[in-house]
>>> print(open('model.txt').read())   # compact mmCIF, C-alpha atoms
# COMPACT_ATOMS: atom_id res chain seq x y z
CA MET V 11 -12.96 131.75 147.50
CA PHE V 12 -15.51 129.00 147.97
CA GLY V 13 -15.77 129.70 151.71
CA LYS V 14 -16.19 133.42 151.09
CA SER V 15 -18.95 132.83 148.54
CA VAL V 16 -20.84 130.50 150.87
CA LEU V 17 -20.63 132.96 153.77
CA LEU V 18 -21.83 135.93 151.71
CA LYS V 19 -24.73 133.88 150.33
CA GLY V 20 -25.60 132.81 153.88
CA ILE V 21 -25.64 136.41 155.09
CA LEU V 22 -27.82 137.44 152.13
CA PHE V 23 -30.25 134.62 152.98
CA PHE V 24 -30.26 135.79 156.62
CA PHE V 25 -31.33 139.32 155.69
CA ILE V 26 -33.99 138.08 153.25
CA SER V 27 -35.35 135.80 155.99
CA LEU V 28 -35.89 138.78 158.29
CA SER V 29 -38.83 139.90 156.19
CA VAL V 30 -40.45 136.52 156.83
CA PHE V 31 -39.70 136.01 160.52
CA ALA V 32 -39.89 139.61 161.77
CA ALA V 33 -43.66 139.99 161.42
CA GLN V 34 -46.96 138.22 161.92
CA ARG V 35 -50.04 138.28 159.71
CA ALA V 36 -53.45 139.68 160.52
CA GLU V 37 -56.82 140.06 158.83
CA VAL V 38 -58.62 143.42 158.77
CA ILE V 39 -62.09 142.86 160.26
CA ILE V 40 -63.81 146.19 159.46
CA ASP V 41 -64.19 148.20 156.28
CA GLY V 42 -62.13 151.37 156.13
CA ALA V 43 -59.78 150.48 158.99
CA MET V 44 -57.62 153.55 159.53
CA VAL V 45 -53.83 153.45 159.48
CA TYR V 46 -52.31 156.26 161.53
CA LYS V 47 -48.93 157.97 161.19
CA LYS V 48 -48.26 157.43 164.91
CA GLY V 49 -49.66 155.19 167.64
CA ASP V 50 -52.26 157.81 168.54
CA PHE V 51 -55.91 158.11 167.55
CA GLY V 52 -55.32 161.85 167.06
CA ALA V 53 -52.45 161.33 164.62
CA PRO V 54 -52.81 161.98 160.85
CA VAL V 55 -54.36 159.12 158.86
CA LEU V 56 -52.07 157.61 156.23
CA GLY V 57 -54.72 155.48 154.56
CA TYR V 58 -57.53 152.96 154.89
CA LEU V 59 -57.71 149.17 154.61
CA ARG V 60 -60.66 147.13 153.42
CA LYS V 61 -62.28 144.33 155.38
CA GLY V 62 -60.74 140.90 154.75
CA LYS V 63 -57.33 142.22 153.66
CA LEU V 64 -54.34 140.28 155.01
CA VAL V 65 -51.54 142.51 156.26
CA LYS V 66 -48.19 142.16 158.00
CA ILE V 67 -48.07 143.58 161.52
CA SER V 68 -45.44 143.73 164.24
CA ASN V 69 -45.10 141.04 166.88
CA LYS V 70 -44.82 143.80 169.48
CA ASN V 71 -47.83 145.97 170.29
CA TYR V 72 -47.58 149.69 171.01
CA GLY V 73 -50.36 150.26 173.52
CA PRO V 74 -53.62 149.63 171.60
CA PHE V 75 -51.78 149.66 168.24
CA TYR V 76 -49.62 147.44 166.04
CA LYS V 77 -47.24 148.59 163.35
CA VAL V 78 -48.61 147.69 159.94
CA LYS V 79 -47.26 147.77 156.41
CA LEU V 80 -49.68 149.95 154.46
CA ARG V 81 -47.82 149.75 151.16
CA GLN V 82 -44.24 149.47 149.94
CA GLY V 83 -42.06 151.76 152.03
CA VAL V 84 -44.93 153.06 154.20
CA ILE V 85 -45.30 151.82 157.80
CA GLY V 86 -48.13 153.05 160.03
CA TYR V 87 -50.15 152.06 163.09
CA ILE V 88 -53.48 150.22 163.20
CA SER V 89 -55.82 149.72 166.17
CA ASP V 90 -55.83 146.24 167.67
CA ILE V 91 -59.64 146.09 167.54
CA ASP V 92 -59.62 146.53 163.74
CA ILE V 93 -57.64 143.35 163.07
CA ARG V 94 -57.58 139.66 163.90
CA ILE V 95 -54.17 137.95 164.15
CA VAL V 96 -54.11 134.83 161.98
CA SER V 97 -50.44 133.75 162.08
CA GLY V 98 -47.35 134.45 164.15
CA PRO V 99 -43.74 134.96 163.00
CA GLY V 100 -42.74 132.61 160.20
CA GLY V 101 -46.38 131.83 159.36
CA ARG V 102 -47.29 129.89 162.54
CA LYS V 103 -51.05 129.74 162.97
CA VAL V 104 -52.49 131.37 166.08
CA ARG V 105 -54.99 129.30 168.03
CA ALA V 106 -57.99 131.28 169.22
CA ALA V 107 -59.40 130.75 172.71
CA LYS V 108 -62.96 129.45 172.96
CA ARG V 109 -64.63 132.35 174.70
CA SER V 110 -67.96 133.74 173.59
CA GLY V 111 -68.84 137.41 173.77
CA ALA V 112 -65.19 138.54 173.76
CA ARG V 113 -63.75 141.30 171.64
CA PRO V 114 -62.39 139.97 168.32
CA ASN V 115 -58.78 140.53 169.30
CA SER V 116 -59.14 139.23 172.84
CA ARG V 117 -59.33 135.68 171.50
CA VAL V 118 -55.61 135.67 170.82
CA LYS V 119 -52.78 136.03 173.24
CA ARG V 120 -51.24 139.48 173.25
CA PRO V 121 -47.45 139.70 172.95
CA GLN V 122 -45.70 140.34 176.22
CA LYS V 123 -43.41 143.27 176.79
CA ASP V 124 -39.96 142.34 175.55
CA VAL V 125 -36.66 143.74 176.82
CA ARG V 126 -35.39 143.47 173.26
CA GLY V 127 -37.82 146.24 172.33
CA LYS V 128 -35.69 148.74 174.29
CA SER V 129 -32.65 150.74 173.22
CA TYR V 130 -29.40 150.06 175.07
CA TRP V 131 -26.08 151.93 175.21
CA GLY V 132 -22.98 150.52 176.85
CA LEU V 133 -19.34 149.50 176.84
CA SER V 134 -17.71 146.17 176.23
CA LEU V 135 -14.30 144.57 176.28
CA ALA V 136 -13.45 142.37 173.32
CA MET V 137 -10.56 139.91 173.16
CA VAL V 138 -9.91 139.55 169.43
CA ASN V 139 -7.40 137.28 167.74
CA PHE V 140 -6.50 140.09 165.34
CA THR V 141 -4.78 138.91 162.16
CA ASP V 142 -2.78 140.70 159.47
CA ARG V 143 -0.67 139.70 156.50
CA PHE V 144 2.80 141.04 155.69
CA LYS V 145 5.09 140.78 152.70
CA LEU V 146 8.58 139.79 153.83
CA THR V 147 11.51 140.57 151.55
CA SER V 148 14.92 138.96 151.72
CA GLY V 149 17.22 139.99 148.91
CA SER V 150 15.39 139.33 145.67
CA ASP V 151 12.90 136.94 147.28
CA SER V 152 9.61 137.98 148.88
CA THR V 153 7.01 135.93 150.67
CA GLU V 154 3.73 136.68 152.42
CA ALA V 155 3.21 135.62 156.01
CA THR V 156 0.15 135.83 158.24
CA TYR V 157 0.45 136.75 161.92
CA SER V 158 -2.11 136.75 164.71
CA SER V 159 -2.15 138.00 168.27
CA GLN V 160 -4.71 138.32 171.04
CA SER V 161 -5.59 142.02 171.27
CA LEU V 162 -7.86 143.76 173.75
CA PHE V 163 -10.39 146.27 172.36
CA LEU V 164 -12.49 148.77 174.27
CA MET V 165 -15.82 149.14 172.48
CA LEU V 166 -18.80 151.46 172.55
CA ASN V 167 -22.00 149.67 171.56
CA ARG V 168 -25.64 150.38 170.91
CA THR V 169 -28.44 147.86 170.56
CA ALA V 170 -31.86 149.07 169.42
CA PRO V 171 -35.04 147.72 167.77
CA PHE V 172 -34.78 147.66 164.00
CA SER V 173 -38.09 148.68 162.51
CA LEU V 174 -38.74 146.36 159.63
CA LEU V 175 -42.05 145.91 161.40
CA ASP V 176 -41.10 144.47 164.74
CA GLY V 177 -38.95 145.47 167.69
CA VAL V 178 -37.86 141.85 168.22
CA VAL V 179 -35.23 142.32 165.50
CA ASN V 180 -32.31 144.37 166.84
CA LEU V 181 -29.62 146.40 165.14
CA ASP V 182 -26.38 145.97 167.09
CA ILE V 183 -23.58 148.49 166.40
CA ASN V 184 -20.06 148.27 167.88
CA PHE V 185 -17.14 150.70 167.54
CA GLY V 186 -13.87 149.87 169.25
CA VAL V 187 -10.20 150.79 169.51
CA SER V 188 -7.36 148.51 170.59
CA THR V 189 -6.06 149.40 174.04
CA SER V 190 -2.46 148.99 172.87
CA THR V 191 -0.48 148.26 169.73
CA PRO V 192 -1.17 144.61 168.74
CA SER V 193 1.88 142.46 169.32
CA ILE V 194 1.94 141.27 165.70
CA TYR V 195 3.42 144.69 164.92
CA THR V 196 5.73 145.03 167.92
CA ASP V 197 7.21 141.58 167.24
CA ILE V 198 8.40 142.48 163.74
CA SER V 199 9.74 145.92 164.53
CA SER V 200 12.35 147.26 166.91
CA GLN V 201 9.91 150.02 167.76
CA SER V 202 6.27 150.48 166.86
CA SER V 203 3.24 152.47 167.94
CA GLY V 204 -0.36 152.88 166.90
CA TYR V 205 -3.74 151.25 167.22
CA VAL V 206 -6.45 149.37 165.33
CA ILE V 207 -10.08 150.45 164.91
CA LEU V 208 -12.68 147.70 164.67
CA THR V 209 -16.37 148.29 163.96
CA ASP V 210 -19.38 146.23 162.91
CA ALA V 211 -23.15 146.45 162.49
CA SER V 212 -25.34 143.34 162.73
CA LEU V 213 -28.99 142.44 162.69
CA MET V 214 -29.77 140.11 165.60
CA MET V 215 -32.48 137.46 165.73
CA PRO V 216 -33.63 135.72 168.95
CA LEU V 217 -33.36 131.98 169.53
CA HIS V 218 -36.71 131.14 171.13
CA LEU V 219 -35.65 127.65 172.23
CA LEU V 220 -33.00 129.04 174.61
CA ARG V 221 -34.86 131.68 176.54
CA GLY V 222 -35.83 132.34 180.16
CA LYS V 223 -37.50 135.05 182.18
CA ASN V 224 -34.40 137.25 182.31
CA PHE V 225 -32.22 135.46 179.78
CA PHE V 226 -32.28 135.09 176.01
CA THR V 227 -29.93 133.98 173.26
CA TYR V 228 -29.55 135.24 169.73
CA PHE V 229 -27.61 134.98 166.50
CA GLY V 230 -26.79 137.60 163.92
CA ALA V 231 -24.92 138.63 160.80
CA GLY V 232 -23.78 141.90 159.35
CA LEU V 233 -20.95 144.00 157.99
CA MET V 234 -17.62 144.90 159.60
CA ALA V 235 -14.55 147.03 158.93
CA SER V 236 -11.09 147.40 160.45
CA HIS V 237 -8.52 150.16 160.07
CA SER V 238 -4.93 149.98 161.32
CA ILE V 239 -2.89 153.12 162.05
CA ILE V 240 0.58 151.82 162.86
CA ASP V 241 4.08 153.30 162.72
CA LEU V 242 6.84 150.71 162.32
CA TYR V 243 10.50 151.59 162.71
CA VAL V 244 12.89 149.25 160.92
CA SER V 245 16.60 150.16 160.98
CA GLY V 246 15.64 153.68 162.03
CA THR V 247 13.23 154.11 159.11
CA ASN V 248 9.57 154.92 159.75
CA LEU V 249 7.23 152.61 157.80
CA PRO V 250 3.64 153.79 158.41
CA ILE V 251 0.82 151.30 157.91
CA GLY V 252 -2.68 152.54 157.26
CA LYS V 253 -4.82 149.68 156.03
CA THR V 254 -8.62 149.57 155.74
CA ARG V 255 -10.39 146.24 155.30
CA VAL V 256 -14.10 145.54 155.01
CA GLY V 257 -15.99 142.28 155.28
CA ALA V 258 -18.71 140.47 157.17
CA SER V 259 -19.28 139.15 160.66
CA ILE V 260 -21.41 136.39 162.14
CA SER V 261 -22.16 136.09 165.82
CA GLY V 262 -24.17 134.39 168.51
CA GLY V 263 -24.49 135.07 172.17
CA GLY V 264 -26.49 135.35 175.34
CA ALA V 265 -27.83 138.28 177.36
CA TYR V 266 -29.05 138.55 180.94
CA THR V 267 -31.21 141.42 182.18
CA LEU V 268 -30.79 143.07 185.58
CA GLY V 269 -33.40 145.80 185.79
CA LYS V 270 -32.35 148.45 183.27
CA PHE V 271 -29.01 146.74 182.66
CA LEU V 272 -28.10 144.09 180.12
CA LEU V 273 -25.11 141.76 180.49
CA LYS V 274 -23.89 140.24 177.21
CA PHE V 275 -21.46 137.54 176.18
CA GLU V 276 -20.96 137.28 172.44
CA PRO V 277 -18.51 135.23 170.38
CA LYS V 278 -18.06 136.87 166.98
CA TYR V 279 -16.33 135.66 163.83
CA TYR V 280 -14.84 138.30 161.51
CA PHE V 281 -14.42 137.54 157.85
CA GLU V 282 -12.50 139.98 155.61
CA GLU V 283 -9.10 139.59 153.95
CA GLU V 284 -8.24 137.52 157.01
CA ARG V 285 -10.44 135.50 159.35
CA TYR V 286 -10.35 135.73 163.12
CA LEU V 287 -12.45 135.20 166.21
CA GLY V 288 -13.33 137.57 169.02
CA PHE V 289 -15.14 137.32 172.37
CA HIS V 290 -17.17 140.31 173.59
CA PHE V 291 -18.16 140.94 177.22
CA GLY V 292 -20.48 143.92 177.60
CA LEU V 293 -22.62 145.89 179.99
CA GLN V 294 -25.41 148.05 178.58
CA ARG V 295 -28.11 150.25 180.08
CA ALA V 296 -31.60 150.88 178.72
CA PHE V 297 -32.56 154.43 177.74
>>> encode(input="model.txt", output="structure tokens")
Amino acid sequence: MFGKSVLLKGILFFFISLSVFAAQRAEVIIDGAMVYKKGDFGAPVLGYLRKGKLVKISNKNYGPFYKVKLRQGVIGYISDIDIRIVSGPGGRKVRAAKRSGARPNSRVKRPQKDVRGKSYWGLSLAMVNFTDRFKLTSGSDSTEATYSSQSLFLMLNRTAPFSLLDGVVNLDINFGVSTSTPSIYTDISSQSSGYVILTDASLMMPLHLLRGKNFFTYFGAGLMASHSIIDLYVSGTNLPIGKTRVGASISGGGAYTLGKFLLKFEPKYYFEEERYLGFHFGLQRAF
């Protein structure tokens, strides 16, 4: 129970931290700066910001615009010439270049295009040490036993920018089915058939210290669920198992870009009624 409480508190802290690290701060430098519904000067205007107001904007720029939080629950786009960036993600101060006669926003370094700002679809193979618990009965005595087996899952996955404010934060969704009946069921039954469904959704944050031109690392946390659909046959009797379990997952990994393709290796720890580790190997394509 202690371990479960610590993990859930850690995941809660992770999600709260996203609001701090997923945006940078900027100062509005003109009165009545317009916030547009889309990144287009012809788009409808959602509102206006006064000169000197500090706002949260995205790390990633969208042409001549940044995403900006106008008010609670309302995200719009503001022109880059109407603001001056004063701090990066996590509150880091931005050092201005000493150049006279430059546009206000040209004194700071613009964010570079980031592959993590794209949406990817793909497939992955996951080797998961799937674990389940059974109640064993012998006469009037019954005991619970936990069994594990390495099971191969074929997974469909999607990775896309998650718009808190910034495309650097990614929402990673995986949905997979075991390629065969896990051996923990075949070992306890004379005959068995079925499969296990495994799915999870995580918010991923980059690790800036381990990053190259075409390579980056990340860590994440989120929610997961598993569902087993198994038919066991014991002494000729069919004993169907349909068990749904929900919990959390934590992960870390690395990704390498090859043009429009993304190669991923991702260890992932699942935490529900049981705890087990999986290793994901995936290939995704940008769309």
>>> residues_around(input="model.txt", residues="range 273-276 of chain V", least_positions_apart="4", cutoff="12 Å", atoms="all atoms listed in the file", output="number ranges by chain")
V: 130-138, 167, 169, 182, 184, 214, 224-230, 260-269, 287-296
>>> write_last_selection(input="model.txt", atoms="C-alpha atoms", output="PDB file, keeping the file's coordinate frame")
ATOM      1  CA  TYR V 130     -29.400 150.060 175.070  1.00  0.00           C
ATOM      2  CA  TRP V 131     -26.080 151.930 175.210  1.00  0.00           C
ATOM      3  CA  GLY V 132     -22.980 150.520 176.850  1.00  0.00           C
ATOM      4  CA  LEU V 133     -19.340 149.500 176.840  1.00  0.00           C
ATOM      5  CA  SER V 134     -17.710 146.170 176.230  1.00  0.00           C
ATOM      6  CA  LEU V 135     -14.300 144.570 176.280  1.00  0.00           C
ATOM      7  CA  ALA V 136     -13.450 142.370 173.320  1.00  0.00           C
ATOM      8  CA  MET V 137     -10.560 139.910 173.160  1.00  0.00           C
ATOM      9  CA  VAL V 138      -9.910 139.550 169.430  1.00  0.00           C
ATOM     10  CA  ASN V 167     -22.000 149.670 171.560  1.00  0.00           C
ATOM     11  CA  THR V 169     -28.440 147.860 170.560  1.00  0.00           C
ATOM     12  CA  ASP V 182     -26.380 145.970 167.090  1.00  0.00           C
ATOM     13  CA  ASN V 184     -20.060 148.270 167.880  1.00  0.00           C
ATOM     14  CA  MET V 214     -29.770 140.110 165.600  1.00  0.00           C
ATOM     15  CA  ASN V 224     -34.400 137.250 182.310  1.00  0.00           C
ATOM     16  CA  PHE V 225     -32.220 135.460 179.780  1.00  0.00           C
ATOM     17  CA  PHE V 226     -32.280 135.090 176.010  1.00  0.00           C
ATOM     18  CA  THR V 227     -29.930 133.980 173.260  1.00  0.00           C
ATOM     19  CA  TYR V 228     -29.550 135.240 169.730  1.00  0.00           C
ATOM     20  CA  PHE V 229     -27.610 134.980 166.500  1.00  0.00           C
ATOM     21  CA  GLY V 230     -26.790 137.600 163.920  1.00  0.00           C
ATOM     22  CA  ILE V 260     -21.410 136.390 162.140  1.00  0.00           C
ATOM     23  CA  SER V 261     -22.160 136.090 165.820  1.00  0.00           C
ATOM     24  CA  GLY V 262     -24.170 134.390 168.510  1.00  0.00           C
ATOM     25  CA  GLY V 263     -24.490 135.070 172.170  1.00  0.00           C
ATOM     26  CA  GLY V 264     -26.490 135.350 175.340  1.00  0.00           C
ATOM     27  CA  ALA V 265     -27.830 138.280 177.360  1.00  0.00           C
ATOM     28  CA  TYR V 266     -29.050 138.550 180.940  1.00  0.00           C
ATOM     29  CA  THR V 267     -31.210 141.420 182.180  1.00  0.00           C
ATOM     30  CA  LEU V 268     -30.790 143.070 185.580  1.00  0.00           C
ATOM     31  CA  GLY V 269     -33.400 145.800 185.790  1.00  0.00           C
ATOM     32  CA  LEU V 287     -12.450 135.200 166.210  1.00  0.00           C
ATOM     33  CA  GLY V 288     -13.330 137.570 169.020  1.00  0.00           C
ATOM     34  CA  PHE V 289     -15.140 137.320 172.370  1.00  0.00           C
ATOM     35  CA  HIS V 290     -17.170 140.310 173.590  1.00  0.00           C
ATOM     36  CA  PHE V 291     -18.160 140.940 177.220  1.00  0.00           C
ATOM     37  CA  GLY V 292     -20.480 143.920 177.600  1.00  0.00           C
ATOM     38  CA  LEU V 293     -22.620 145.890 179.990  1.00  0.00           C
ATOM     39  CA  GLN V 294     -25.410 148.050 178.580  1.00  0.00           C
ATOM     40  CA  ARG V 295     -28.110 150.250 180.080  1.00  0.00           C
ATOM     41  CA  ALA V 296     -31.600 150.880 178.720  1.00  0.00           C
TER      42      ALA V 296
END
>>> residues_around(input="model.txt", residues="Ser203 in chain V", least_positions_apart="3", cutoff="8 Å", atoms="all atoms listed in the file", output="list in words")
Thr191, Thr196, Ile240, Asp241 and Leu242 of chain V
>>> atom_distance(input="model.txt", atom1="CA of Tyr72 in chain V", atom2="CA of Gly86 in chain V")
11.5 Å
>>> atom_distance(input="model.txt", atom1="CA of Lys128 in chain V", atom2="CA of Lys270 in chain V")
9.6 Å
>>> residues_around(input="model.txt", residues="range 63-65 of chain V", least_positions_apart="4", cutoff="12 Å", atoms="all atoms listed in the file", output="number ranges by chain")
V: 33-43, 45, 58-59, 76-82, 85-88, 92-97, 175
>>> residues_around(input="model.txt", residues="Pro192 in chain V", least_positions_apart="2", cutoff="6 Å", atoms="all atoms listed in the file", output="JSON, numbers by chain")
{"V": [161, 194, 195]}
>>> atom_distance(input="model.txt", atom1="CA of Thr209 in chain V", atom2="CA of Phe297 in chain V")
22.1 Å
>>> closest_residue(input="model.txt", among="V:Ser202, V:Gln160, V:Asn139, V:Ser152", to="Glu284 in chain V", atoms="only C-alpha atoms")
V:Asn139
>>> decode(input="model.txt", residues="range 141-205 of chain V", atoms="C-alpha atoms", output="PDB file, in the first residue's frame")
ATOM      1  CA  THR V 141       1.464 -11.246 -14.298  1.00  0.00           C
ATOM      2  CA  ASP V 142      -1.784 -12.586 -12.865  1.00  0.00           C
ATOM      3  CA  ARG V 143      -2.950 -13.983  -9.543  1.00  0.00           C
ATOM      4  CA  PHE V 144      -4.957 -17.173  -9.059  1.00  0.00           C
ATOM      5  CA  LYS V 145      -6.758 -18.740  -6.130  1.00  0.00           C
ATOM      6  CA  LEU V 146      -5.773 -22.393  -5.817  1.00  0.00           C
ATOM      7  CA  THR V 147      -8.096 -24.735  -3.946  1.00  0.00           C
ATOM      8  CA  SER V 148      -7.143 -28.104  -2.518  1.00  0.00           C
ATOM      9  CA  GLY V 149      -9.888 -29.716  -0.480  1.00  0.00           C
ATOM     10  CA  SER V 150     -10.952 -27.199   2.136  1.00  0.00           C
ATOM     11  CA  ASP V 151      -7.766 -25.139   1.811  1.00  0.00           C
ATOM     12  CA  SER V 152      -7.269 -22.295  -0.657  1.00  0.00           C
ATOM     13  CA  THR V 153      -4.239 -20.167  -1.343  1.00  0.00           C
ATOM     14  CA  GLU V 154      -3.407 -17.361  -3.761  1.00  0.00           C
ATOM     15  CA  ALA V 155      -0.439 -17.663  -6.068  1.00  0.00           C
ATOM     16  CA  THR V 156       1.075 -15.183  -8.511  1.00  0.00           C
ATOM     17  CA  TYR V 157       2.385 -16.298 -11.905  1.00  0.00           C
ATOM     18  CA  SER V 158       4.314 -14.424 -14.575  1.00  0.00           C
ATOM     19  CA  SER V 159       5.336 -15.179 -18.124  1.00  0.00           C
ATOM     20  CA  GLN V 160       6.995 -13.311 -20.965  1.00  0.00           C
ATOM     21  CA  SER V 161       4.241 -12.496 -23.464  1.00  0.00           C
ATOM     22  CA  LEU V 162       4.543 -10.834 -26.854  1.00  0.00           C
ATOM     23  CA  PHE V 163       2.061  -8.056 -27.686  1.00  0.00           C
ATOM     24  CA  LEU V 164       1.394  -6.428 -31.043  1.00  0.00           C
ATOM     25  CA  MET V 165       0.517  -2.783 -30.438  1.00  0.00           C
ATOM     26  CA  LEU V 166      -0.928   0.106 -32.391  1.00  0.00           C
ATOM     27  CA  ASN V 167       0.380   3.446 -31.138  1.00  0.00           C
ATOM     28  CA  ARG V 168      -0.077   7.141 -31.706  1.00  0.00           C
ATOM     29  CA  THR V 169       2.142   9.946 -30.458  1.00  0.00           C
ATOM     30  CA  ALA V 170       0.961  13.532 -30.882  1.00  0.00           C
ATOM     31  CA  PRO V 171       1.537  16.997 -29.360  1.00  0.00           C
ATOM     32  CA  PHE V 172      -0.595  17.593 -26.300  1.00  0.00           C
ATOM     33  CA  SER V 173      -1.832  21.152 -26.320  1.00  0.00           C
ATOM     34  CA  LEU V 174      -1.512  22.428 -22.799  1.00  0.00           C
ATOM     35  CA  LEU V 175       0.307  25.262 -24.530  1.00  0.00           C
ATOM     36  CA  ASP V 176       3.246  23.585 -26.158  1.00  0.00           C
ATOM     37  CA  GLY V 177       3.839  20.820 -28.686  1.00  0.00           C
ATOM     38  CA  VAL V 178       6.932  19.631 -26.792  1.00  0.00           C
ATOM     39  CA  VAL V 179       4.647  17.686 -24.436  1.00  0.00           C
ATOM     40  CA  ASN V 180       3.364  14.546 -26.175  1.00  0.00           C
ATOM     41  CA  LEU V 181       0.392  12.308 -25.534  1.00  0.00           C
ATOM     42  CA  ASP V 182       1.417   8.713 -26.237  1.00  0.00           C
ATOM     43  CA  ILE V 183      -1.390   6.137 -26.658  1.00  0.00           C
ATOM     44  CA  ASN V 184      -0.838   2.378 -27.057  1.00  0.00           C
ATOM     45  CA  PHE V 185      -3.382  -0.382 -27.687  1.00  0.00           C
ATOM     46  CA  GLY V 186      -2.174  -3.962 -27.960  1.00  0.00           C
ATOM     47  CA  VAL V 187      -3.256  -7.592 -28.046  1.00  0.00           C
ATOM     48  CA  SER V 188      -1.174 -10.607 -27.054  1.00  0.00           C
ATOM     49  CA  THR V 189      -0.099 -12.641 -30.066  1.00  0.00           C
ATOM     50  CA  SER V 190      -0.918 -15.893 -28.248  1.00  0.00           C
ATOM     51  CA  THR V 191      -2.377 -17.115 -24.976  1.00  0.00           C
ATOM     52  CA  PRO V 192       0.110 -16.231 -22.191  1.00  0.00           C
ATOM     53  CA  SER V 193       1.784 -19.340 -20.831  1.00  0.00           C
ATOM     54  CA  ILE V 194       0.671 -18.587 -17.269  1.00  0.00           C
ATOM     55  CA  TYR V 195      -2.745 -19.849 -18.380  1.00  0.00           C
ATOM     56  CA  THR V 196      -1.607 -22.769 -20.538  1.00  0.00           C
ATOM     57  CA  ASP V 197       0.603 -24.063 -17.714  1.00  0.00           C
ATOM     58  CA  ILE V 198      -2.280 -24.434 -15.252  1.00  0.00           C
ATOM     59  CA  SER V 199      -4.800 -25.913 -17.659  1.00  0.00           C
ATOM     60  CA  SER V 200      -4.875 -28.994 -19.849  1.00  0.00           C
ATOM     61  CA  GLN V 201      -6.310 -26.798 -22.572  1.00  0.00           C
ATOM     62  CA  SER V 202      -6.713 -23.051 -22.791  1.00  0.00           C
ATOM     63  CA  SER V 203      -7.305 -20.329 -25.357  1.00  0.00           C
ATOM     64  CA  GLY V 204      -7.752 -16.589 -25.424  1.00  0.00           C
ATOM     65  CA  TYR V 205      -5.793 -13.375 -25.335  1.00  0.00           C
TER      66      TYR V 205
END
